[in-house]
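Structure file model_37.txt (compact mmCIF, C-alpha atoms) follows.
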```
# COMPACT_ATOMS: atom_id res chain seq x y z
CA MET A 1 74.48 2.58 -32.17
CA LYS A 2 72.45 3.60 -35.19
CA SER A 3 70.50 0.40 -34.85
CA SER A 4 69.59 1.30 -31.23
CA VAL A 5 68.47 4.78 -32.21
CA ARG A 6 66.41 3.38 -35.05
CA SER A 7 64.87 0.85 -32.66
CA ALA A 8 64.01 3.55 -30.12
CA LYS A 9 62.41 5.70 -32.79
CA THR A 10 60.39 2.71 -33.92
CA HIS A 11 59.02 2.19 -30.41
CA LEU A 12 58.26 5.88 -30.01
CA GLU A 13 56.23 6.11 -33.20
CA PRO A 14 52.47 6.40 -32.47
CA ILE A 15 50.27 3.53 -33.52
CA PRO A 16 47.63 4.77 -35.95
CA ILE A 17 44.05 4.24 -34.67
CA PRO A 18 41.14 4.38 -37.12
CA LEU A 19 38.85 7.37 -36.63
CA SER A 20 35.85 5.04 -36.28
CA GLN A 21 37.40 3.33 -33.24
CA LEU A 22 38.20 6.67 -31.64
CA LEU A 23 34.58 7.73 -32.15
CA ILE A 24 32.86 4.67 -30.72
CA HIS A 25 35.17 4.35 -27.72
CA SER A 26 35.02 7.98 -26.66
CA SER A 27 32.34 9.32 -24.32
CA THR A 28 31.29 12.04 -26.73
CA GLY A 29 31.38 9.66 -29.67
CA SER A 30 29.16 7.09 -27.96
CA ARG A 31 26.58 9.80 -27.19
CA ILE A 32 26.61 10.91 -30.82
CA VAL A 33 26.13 7.34 -32.06
CA PHE A 34 23.35 6.71 -29.51
CA TRP A 35 21.33 9.80 -30.45
CA LEU A 36 21.93 9.12 -34.14
CA GLY A 37 20.39 5.68 -33.61
CA VAL A 38 17.42 7.24 -31.80
CA ALA A 39 16.92 9.69 -34.67
CA ILE A 40 16.99 6.90 -37.24
CA VAL A 41 14.45 4.87 -35.27
CA LEU A 42 12.16 7.89 -34.91
CA SER A 43 12.27 8.25 -38.69
CA SER A 44 10.21 5.03 -38.85
CA VAL A 45 7.23 7.41 -39.05
CA TRP A 46 8.27 8.03 -42.67
CA LEU A 47 10.50 5.00 -43.34
CA PRO A 48 8.64 1.68 -42.96
CA ILE A 49 11.96 -0.14 -43.41
CA ILE A 50 12.82 0.79 -39.80
CA SER A 51 10.68 -2.00 -38.36
CA PRO A 52 10.80 -3.34 -34.78
CA PRO A 53 13.21 -6.17 -35.71
CA VAL A 54 15.47 -3.69 -37.51
CA ALA A 55 15.42 -1.36 -34.50
CA LEU A 56 16.31 -4.24 -32.18
CA ALA A 57 19.17 -5.26 -34.47
CA MET A 58 20.44 -1.67 -34.49
CA GLY A 59 20.40 -1.62 -30.71
CA ILE A 60 22.32 -4.90 -30.48
CA VAL A 61 24.96 -3.64 -32.93
CA PHE A 62 25.28 -0.53 -30.75
CA ALA A 63 25.62 -2.64 -27.59
CA PHE A 64 28.47 -4.71 -29.01
CA THR A 65 30.41 -1.82 -30.56
CA VAL A 66 29.82 1.21 -28.33
CA GLU A 67 29.99 1.81 -24.59
CA HIS A 68 26.45 2.78 -23.52
CA PRO A 69 26.47 6.38 -22.20
CA TYR A 70 23.03 6.20 -20.54
CA ARG A 71 22.60 2.57 -19.44
CA LYS A 72 20.52 3.15 -16.26
CA ALA A 73 18.41 5.99 -17.70
CA SER A 74 17.81 4.02 -20.89
CA SER A 75 16.61 0.97 -18.94
CA ASP A 76 14.15 3.06 -16.92
CA ALA A 77 12.88 4.90 -20.01
CA MET A 78 12.42 1.62 -21.88
CA LYS A 79 9.98 0.24 -19.31
CA TRP A 80 7.81 3.37 -19.20
CA LEU A 81 7.90 3.82 -22.97
CA LEU A 82 6.84 0.24 -23.56
CA GLN A 83 3.82 0.56 -21.27
CA ALA A 84 2.79 3.96 -22.67
CA SER A 85 3.02 2.61 -26.22
CA VAL A 86 0.78 -0.36 -25.39
CA VAL A 87 -1.86 2.03 -24.02
CA GLY A 88 -1.57 4.20 -27.14
CA LEU A 89 -2.35 1.21 -29.37
CA GLY A 90 -5.64 0.82 -27.54
CA PHE A 91 -6.94 3.99 -29.16
CA GLY A 92 -6.84 2.25 -32.51
CA ILE A 93 -9.01 -0.69 -31.48
CA ASN A 94 -12.79 -0.65 -31.81
CA ALA A 95 -14.59 -2.35 -28.91
CA TYR A 96 -17.15 -3.85 -31.29
CA SER A 97 -14.33 -5.51 -33.21
CA ILE A 98 -13.21 -7.17 -29.99
CA VAL A 99 -16.72 -8.50 -29.38
CA LYS A 100 -16.98 -9.70 -32.97
CA ALA A 101 -13.61 -11.42 -32.70
CA GLY A 102 -15.02 -13.59 -29.94
CA GLN A 103 -17.35 -15.18 -32.49
CA THR A 104 -14.45 -16.31 -34.67
CA GLY A 105 -11.73 -18.57 -33.41
CA ILE A 106 -12.69 -18.55 -29.73
CA GLY A 107 -12.12 -22.28 -29.48
CA PHE A 108 -8.75 -21.99 -31.18
CA THR A 109 -7.86 -19.11 -28.85
CA ILE A 110 -8.59 -20.95 -25.60
CA ALA A 111 -6.98 -24.21 -26.71
CA GLY A 112 -4.02 -22.40 -28.23
CA ILE A 113 -3.24 -20.27 -25.16
CA ALA A 114 -3.59 -23.15 -22.69
CA GLY A 115 -1.59 -25.56 -24.83
CA THR A 116 1.17 -23.06 -25.56
CA LEU A 117 1.63 -22.09 -21.92
CA ALA A 118 1.74 -25.75 -20.83
CA PHE A 119 4.11 -26.92 -23.54
CA GLY A 120 6.27 -23.80 -23.27
CA THR A 121 6.73 -24.29 -19.53
CA LEU A 122 7.60 -27.97 -20.04
CA LEU A 123 10.00 -27.20 -22.87
CA GLY A 124 11.74 -24.47 -20.88
CA SER A 125 12.18 -26.87 -17.97
CA LEU A 126 13.64 -29.57 -20.22
CA LEU A 127 16.09 -27.09 -21.76
CA GLY A 128 17.09 -25.67 -18.40
CA VAL A 129 15.87 -22.14 -19.18
CA ARG A 130 15.39 -19.73 -16.27
CA LYS A 131 11.80 -19.99 -15.06
CA ARG A 132 11.01 -16.29 -15.54
CA ALA A 133 12.57 -16.09 -18.99
CA SER A 134 10.84 -19.34 -19.98
CA TYR A 135 7.45 -18.07 -18.81
CA LEU A 136 7.91 -14.73 -20.60
CA ILE A 137 8.66 -16.51 -23.88
CA SER A 138 5.69 -18.84 -23.38
CA VAL A 139 3.30 -15.96 -22.61
CA GLY A 140 4.61 -13.92 -25.54
CA THR A 141 4.05 -16.86 -27.88
CA ALA A 142 0.63 -17.74 -26.44
CA ILE A 143 -0.98 -14.29 -26.40
CA CYS A 144 0.42 -11.25 -28.21
CA GLY A 145 4.18 -11.10 -28.09
CA GLY A 146 5.76 -7.93 -26.75
CA SER A 147 2.59 -6.60 -25.14
CA ALA A 148 2.13 -9.77 -23.10
CA ILE A 149 5.78 -9.80 -22.09
CA ALA A 150 5.52 -6.15 -21.04
CA ALA A 151 2.50 -6.91 -18.86
CA MET A 152 4.00 -10.03 -17.30
CA ALA A 153 7.56 -8.79 -16.69
CA PRO A 154 6.81 -6.54 -13.68
CA VAL A 155 4.60 -9.21 -12.14
CA LEU A 156 7.42 -11.75 -12.38
CA LYS A 157 10.00 -9.10 -11.39
CA ALA A 158 12.03 -10.15 -14.42
CA ASP A 159 15.40 -8.49 -14.92
CA ASP A 160 16.60 -6.68 -18.05
CA ALA A 161 18.39 -9.76 -19.40
CA GLU A 162 15.28 -11.93 -19.22
CA ILE A 163 13.05 -9.25 -20.75
CA SER A 164 15.56 -8.55 -23.52
CA VAL A 165 16.00 -12.17 -24.52
CA ALA A 166 12.23 -12.84 -24.45
CA LEU A 167 11.44 -9.76 -26.53
CA GLY A 168 14.35 -10.38 -28.87
CA THR A 169 13.22 -13.95 -29.49
CA VAL A 170 9.63 -12.89 -30.14
CA PHE A 171 10.47 -10.07 -32.55
CA LEU A 172 13.03 -12.16 -34.43
CA LEU A 173 10.37 -14.78 -35.10
CA ASN A 174 7.90 -12.03 -36.01
CA ALA A 175 10.25 -10.86 -38.73
CA VAL A 176 10.57 -14.39 -40.09
CA ALA A 177 6.80 -14.97 -40.00
CA LEU A 178 6.05 -11.71 -41.79
CA PHE A 179 7.88 -12.93 -44.88
CA LEU A 180 7.32 -16.68 -44.55
CA PHE A 181 3.61 -17.02 -43.81
CA PRO A 182 1.93 -15.43 -46.90
CA PRO A 183 3.75 -17.54 -49.53
CA LEU A 184 3.46 -20.63 -47.33
CA GLY A 185 -0.28 -20.08 -46.94
CA MET A 186 -0.69 -19.74 -50.69
CA ALA A 187 1.40 -22.84 -51.34
CA LEU A 188 -0.77 -24.82 -48.90
CA GLY A 189 -3.98 -23.56 -50.53
CA LEU A 190 -5.40 -21.97 -47.38
CA THR A 191 -8.63 -20.01 -47.62
CA GLN A 192 -8.86 -16.41 -46.46
CA GLU A 193 -10.54 -17.51 -43.23
CA GLN A 194 -8.03 -20.29 -42.58
CA PHE A 195 -5.05 -18.05 -43.10
CA GLY A 196 -6.52 -15.27 -40.96
CA VAL A 197 -7.06 -17.56 -37.97
CA TRP A 198 -3.71 -19.31 -38.48
CA ALA A 199 -1.79 -16.04 -38.60
CA ALA A 200 -3.53 -14.72 -35.47
CA ILE A 201 -2.61 -17.86 -33.52
CA ALA A 202 0.89 -18.56 -34.83
CA ILE A 203 2.39 -15.06 -35.18
CA HIS A 204 3.27 -13.30 -31.95
CA ASP A 205 2.64 -9.57 -32.37
CA THR A 206 -0.36 -7.78 -33.82
CA SER A 207 1.78 -5.69 -36.16
CA SER A 208 3.26 -8.77 -37.83
CA VAL A 209 -0.13 -10.50 -37.90
CA VAL A 210 -1.63 -7.52 -39.72
CA GLY A 211 1.32 -7.27 -42.10
CA ALA A 212 1.23 -10.95 -43.07
CA ALA A 213 -2.57 -11.08 -43.40
CA ALA A 214 -2.64 -7.90 -45.49
CA LYS A 215 -0.35 -9.59 -48.01
CA PHE A 216 -2.65 -12.61 -48.17
CA GLY A 217 -5.95 -10.83 -48.70
CA THR A 218 -8.56 -8.37 -47.43
CA GLU A 219 -10.78 -10.98 -45.78
CA ALA A 220 -7.79 -12.63 -44.11
CA LEU A 221 -6.75 -9.23 -42.77
CA ALA A 222 -10.15 -8.60 -41.17
CA ILE A 223 -10.32 -12.05 -39.57
CA ALA A 224 -6.69 -12.06 -38.39
CA THR A 225 -7.00 -8.63 -36.80
CA THR A 226 -10.18 -9.40 -34.86
CA VAL A 227 -9.01 -12.82 -33.64
CA LYS A 228 -5.68 -11.38 -32.56
CA LEU A 229 -7.44 -8.62 -30.62
CA SER A 230 -9.51 -11.17 -28.74
CA ARG A 231 -6.33 -13.00 -27.80
CA ALA A 232 -4.75 -9.76 -26.58
CA LEU A 233 -7.45 -9.39 -23.92
CA TRP A 234 -6.22 -12.59 -22.30
CA ILE A 235 -3.27 -10.58 -21.02
CA ILE A 236 -5.41 -9.43 -18.09
CA PRO A 237 -6.66 -12.76 -16.65
CA ILE A 238 -3.35 -14.52 -17.30
CA THR A 239 -1.38 -11.73 -15.63
CA LEU A 240 -3.69 -11.53 -12.62
CA ALA A 241 -3.68 -15.32 -12.23
CA THR A 242 0.12 -15.30 -12.27
CA ALA A 243 0.20 -12.54 -9.66
CA PHE A 244 -2.13 -14.48 -7.33
CA ARG A 245 -0.04 -17.62 -7.75
CA MET A 246 3.16 -15.75 -6.89
CA GLN A 247 1.51 -14.25 -3.82
CA ARG A 248 0.40 -17.69 -2.62
CA ASN A 249 3.87 -19.16 -3.21
CA ALA A 250 5.41 -16.28 -1.24
CA ALA A 251 2.99 -16.93 1.62
CA LYS A 252 4.01 -20.59 1.75
CA GLN A 253 7.67 -19.61 2.12
CA GLY A 254 7.03 -17.91 5.46
CA SER A 255 5.34 -14.98 7.11
CA ASP A 256 8.16 -12.53 6.31
CA ASN A 257 7.88 -13.15 2.60
CA ALA A 258 4.11 -13.18 2.74
CA SER A 259 3.96 -9.81 4.47
CA HIS A 260 5.81 -8.22 1.59
CA ALA A 261 4.05 -10.13 -1.17
CA LYS A 262 1.94 -7.81 -3.27
CA ILE A 263 -0.09 -8.35 -6.38
CA THR A 264 1.24 -6.07 -9.09
CA ILE A 265 -1.78 -5.10 -11.16
CA PRO A 266 -0.82 -4.17 -14.73
CA TYR A 267 -2.72 -0.91 -14.75
CA PHE A 268 -1.45 0.02 -18.18
CA VAL A 269 -3.18 -3.08 -19.60
CA LEU A 270 -6.45 -1.93 -18.04
CA LEU A 271 -5.79 1.50 -19.59
CA PHE A 272 -5.29 -0.28 -22.90
CA VAL A 273 -8.84 -1.68 -22.67
CA LEU A 274 -10.19 1.67 -21.46
CA ALA A 275 -8.61 3.39 -24.46
CA SER A 276 -10.49 1.03 -26.76
CA VAL A 277 -13.78 1.78 -24.99
CA ILE A 278 -13.18 5.53 -25.19
CA THR A 279 -12.34 5.53 -28.87
CA THR A 280 -15.49 3.50 -29.58
CA PHE A 281 -18.14 5.23 -27.47
CA VAL A 282 -16.95 8.80 -26.86
CA PRO A 283 -17.97 11.09 -29.75
CA GLY A 284 -14.96 12.40 -31.63
CA ALA A 285 -12.51 10.25 -29.66
CA SER A 286 -11.72 8.16 -32.72
CA MET A 287 -9.53 11.04 -33.89
CA LEU A 288 -7.24 10.27 -30.97
CA GLY A 289 -6.33 7.01 -32.63
CA PHE A 290 -5.37 8.84 -35.80
CA TYR A 291 -2.59 10.59 -33.90
CA LEU A 292 -1.79 8.25 -31.02
CA VAL A 293 -1.57 4.89 -32.77
CA PRO A 294 1.28 5.90 -35.13
CA LEU A 295 3.10 7.44 -32.16
CA ALA A 296 2.57 4.25 -30.17
CA LYS A 297 4.05 2.14 -32.96
CA VAL A 298 7.08 4.40 -33.11
CA GLY A 299 7.31 4.16 -29.33
CA LEU A 300 7.38 0.37 -29.48
CA THR A 301 10.05 0.49 -32.18
CA LEU A 302 12.15 2.88 -30.10
CA THR A 303 11.64 0.62 -27.07
CA LEU A 304 13.19 -2.27 -28.98
CA PHE A 305 16.17 -0.13 -29.90
CA LEU A 306 16.67 0.76 -26.23
CA ILE A 307 16.32 -2.90 -25.25
CA GLY A 308 18.95 -3.85 -27.81
CA THR A 309 21.37 -1.20 -26.58
CA GLY A 310 21.07 -2.60 -23.07
CA LEU A 311 22.34 -6.02 -24.10
CA SER A 312 25.91 -7.08 -23.44
CA LYS A 313 28.03 -10.19 -23.84
CA THR A 314 27.96 -10.70 -20.09
CA MET A 315 24.18 -10.40 -19.95
CA LEU A 316 23.59 -12.75 -22.87
CA SER A 317 26.02 -15.36 -21.56
CA ALA A 318 24.25 -15.24 -18.19
CA VAL A 319 20.93 -16.07 -19.86
CA GLY A 320 22.34 -18.33 -22.55
CA ILE A 321 21.12 -19.38 -25.98
CA LYS A 322 18.62 -21.88 -24.60
CA PRO A 323 15.74 -19.35 -24.37
CA LEU A 324 16.11 -18.69 -28.09
CA LEU A 325 15.97 -22.43 -28.77
CA GLN A 326 12.87 -22.67 -26.58
CA GLY A 327 11.18 -19.85 -28.50
CA VAL A 328 11.98 -21.34 -31.90
CA VAL A 329 10.85 -24.89 -31.02
CA LEU A 330 7.70 -23.59 -29.30
CA TRP A 331 6.85 -21.40 -32.29
CA ILE A 332 7.32 -24.24 -34.79
CA VAL A 333 5.14 -26.64 -32.78
CA VAL A 334 2.39 -24.04 -32.21
CA SER A 335 2.41 -23.03 -35.88
CA ALA A 336 2.20 -26.63 -37.07
CA LEU A 337 -0.65 -27.55 -34.69
CA ALA A 338 -2.54 -24.35 -35.52
CA LEU A 339 -2.17 -25.08 -39.23
CA TRP A 340 -3.50 -28.60 -38.78
CA SER A 341 -6.42 -27.28 -36.71
CA VAL A 342 -7.56 -24.65 -39.20
CA LYS A 343 -7.29 -27.04 -42.15
CA THR A 344 -9.27 -29.68 -40.22
CA PHE A 345 -12.00 -27.59 -38.59
CA LEU A 346 -12.42 -24.51 -40.82
```

If you convert what's in this file into structure tokens, what do you get?
Amino acid sequence: MKSSVRSAKTHLEPIPIPLSQLLIHSSTGSRIVFWLGVAIVLSSVWLPIISPPVALAMGIVFAFTVEHPYRKASSDAMKWLLQASVVGLGFGINAYSIVKAGQTGIGFTIAGIAGTLAFGTLLGSLLGVRKRASYLISVGTAICGGSAIAAMAPVLKADDAEISVALGTVFLLNAVALFLFPPLGMALGLTQEQFGVWAAIAIHDTSSVVGAAAKFGTEALAIATTVKLSRALWIIPITLATAFRMQRNAAKQGSDNASHAKITIPYFVLLFVLASVITTFVPGASMLGFYLVPLAKVGLTLTLFLIGTGLSKTMLSAVGIKPLLQGVVLWIVVSALALWSVKTFL
């Protein structure tokens, strides 16, 4: 009898749950954690350690530990914030620098973009990567990382999973390149010019290009920045060409599809170019860059956090690990060929 009572009491005793689990699994707790993450990312204005890769990692940790309280709103905000941030970066670019960049590395730029897109598409097909995700990774590698992916995603009508994996792959490799390229360039005995062109071709995003080149030297920084800016302008023709191709493919599928096929013009990319023209030729407009460019960089960092929070095990399993493998192999091949080219021709 006593044994039965003792057994009943044992089953009635509450199971202790750690406070941390109660916090992350409650609705209020998930909101607190989400806004705490946003606040930390916004502090990147003062804390350089909160870089885009760090913000993305924070978002992924959030996604796998906390139930997202604002999934739909966060996804919508991410897309607008990404586009607005790209436009804001345009106010920090001098139009004359873009023209000057065309005089350095134009051959490498054309060959690099064409070769990367072709090989990336082939590699994605061989690995069985979704066509849209494969193309986003290829475009991000060929032109300017996140900005190119942001411009191409609405044209391709890519879903959140494809955008997230493409951006995640690009920014992960950016983080690696930021630390790997400067010591590797020194070990290989590259000149300032060689390293500048190599970094602009082989590193995806402008921020990481600038960071790596700045560590290598002042001349490398100037060359890398201008060459990378010239590559960024290829977003427009590549995006428009893709839109025309999609329209033509839709027309071939039948009149119903063709009647609804529309070319999605990336207006925010055109605004990006306009911002550069304004800051260069409008008196006093350069001050806009002083305020808007830092805000744009924070906006891009926050965008990555939001992208990370939108990930889930279901979403990642649907896309698979193959896109990451495609991005890594493509990056290694492009980096190696670009290195050989600059050592041979510069």

Residue nearest Leu127 of chain A among A:Pro237, A:Pro323, A:Pro283, A:Gly211 (counting only C-alpha atoms) |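 Closest candidate: A:Pro323.
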
Nearby residues (all atoms listed in the file) at most 8 Å from Lys228 of chain A, same-chain spacing under 3 positions excluded, as a ChimeraX atom specification | /A:101,144,200-201,206,209,224-225,231-232

Test item: residues at most 12 Å from segment 339-346 of chain A, all atoms listed in the file, excluding those fewer than 6 positions along its chain, as a VMD selection string = chain A and resid 104 to 105 107 to 109 111 to 112 181 184 to 185 188 to 203 331 to 333

Check the smallest atom-to-atom distance from each of A:Leu167, A:Leu122, A:Leu304, A:Leu221 to Pro182 of chain A using all atoms listed in the file, then report the winner.
->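 Looking at the shortest contact to Pro182 of chain A, the residue is A:Leu221.
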
Two-atom distance - atom CA of Gly146 of chain A, atom CA of Ser164 of chain A (Å) | 10.3 Å

Kindly give the distance, in Å, that separates atom CA of Leu117 of chain A and atom CA of Thr141 of chain A, rounded to a single decimal.
-> 8.3 Å

Got a sec: who's within 12 Å of Val87 of chain A, counting only C-alpha atoms, leaving out chain neighbours fewer than 4 positions off, as a ChimeraX atom specification?
-> /A:80-83,91-93,147,150-151,266-278,289,292-293,295-297,299-300

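With distances taken over all atoms listed in the file, A:Glu67 is the one residue among A:Asp205, A:Asp159, A:Glu219, A:Glu67 lying closest to Ser27 of chain A.
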
Grab the atom CA of Thr280 of chain A to atom CA of Val86 of chain A distance for me, in Å with one decimal place.
->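 Computing the Euclidean distance for atom CA of Thr280 of chain A and atom CA of Val86 of chain A yields 17.2 Å.
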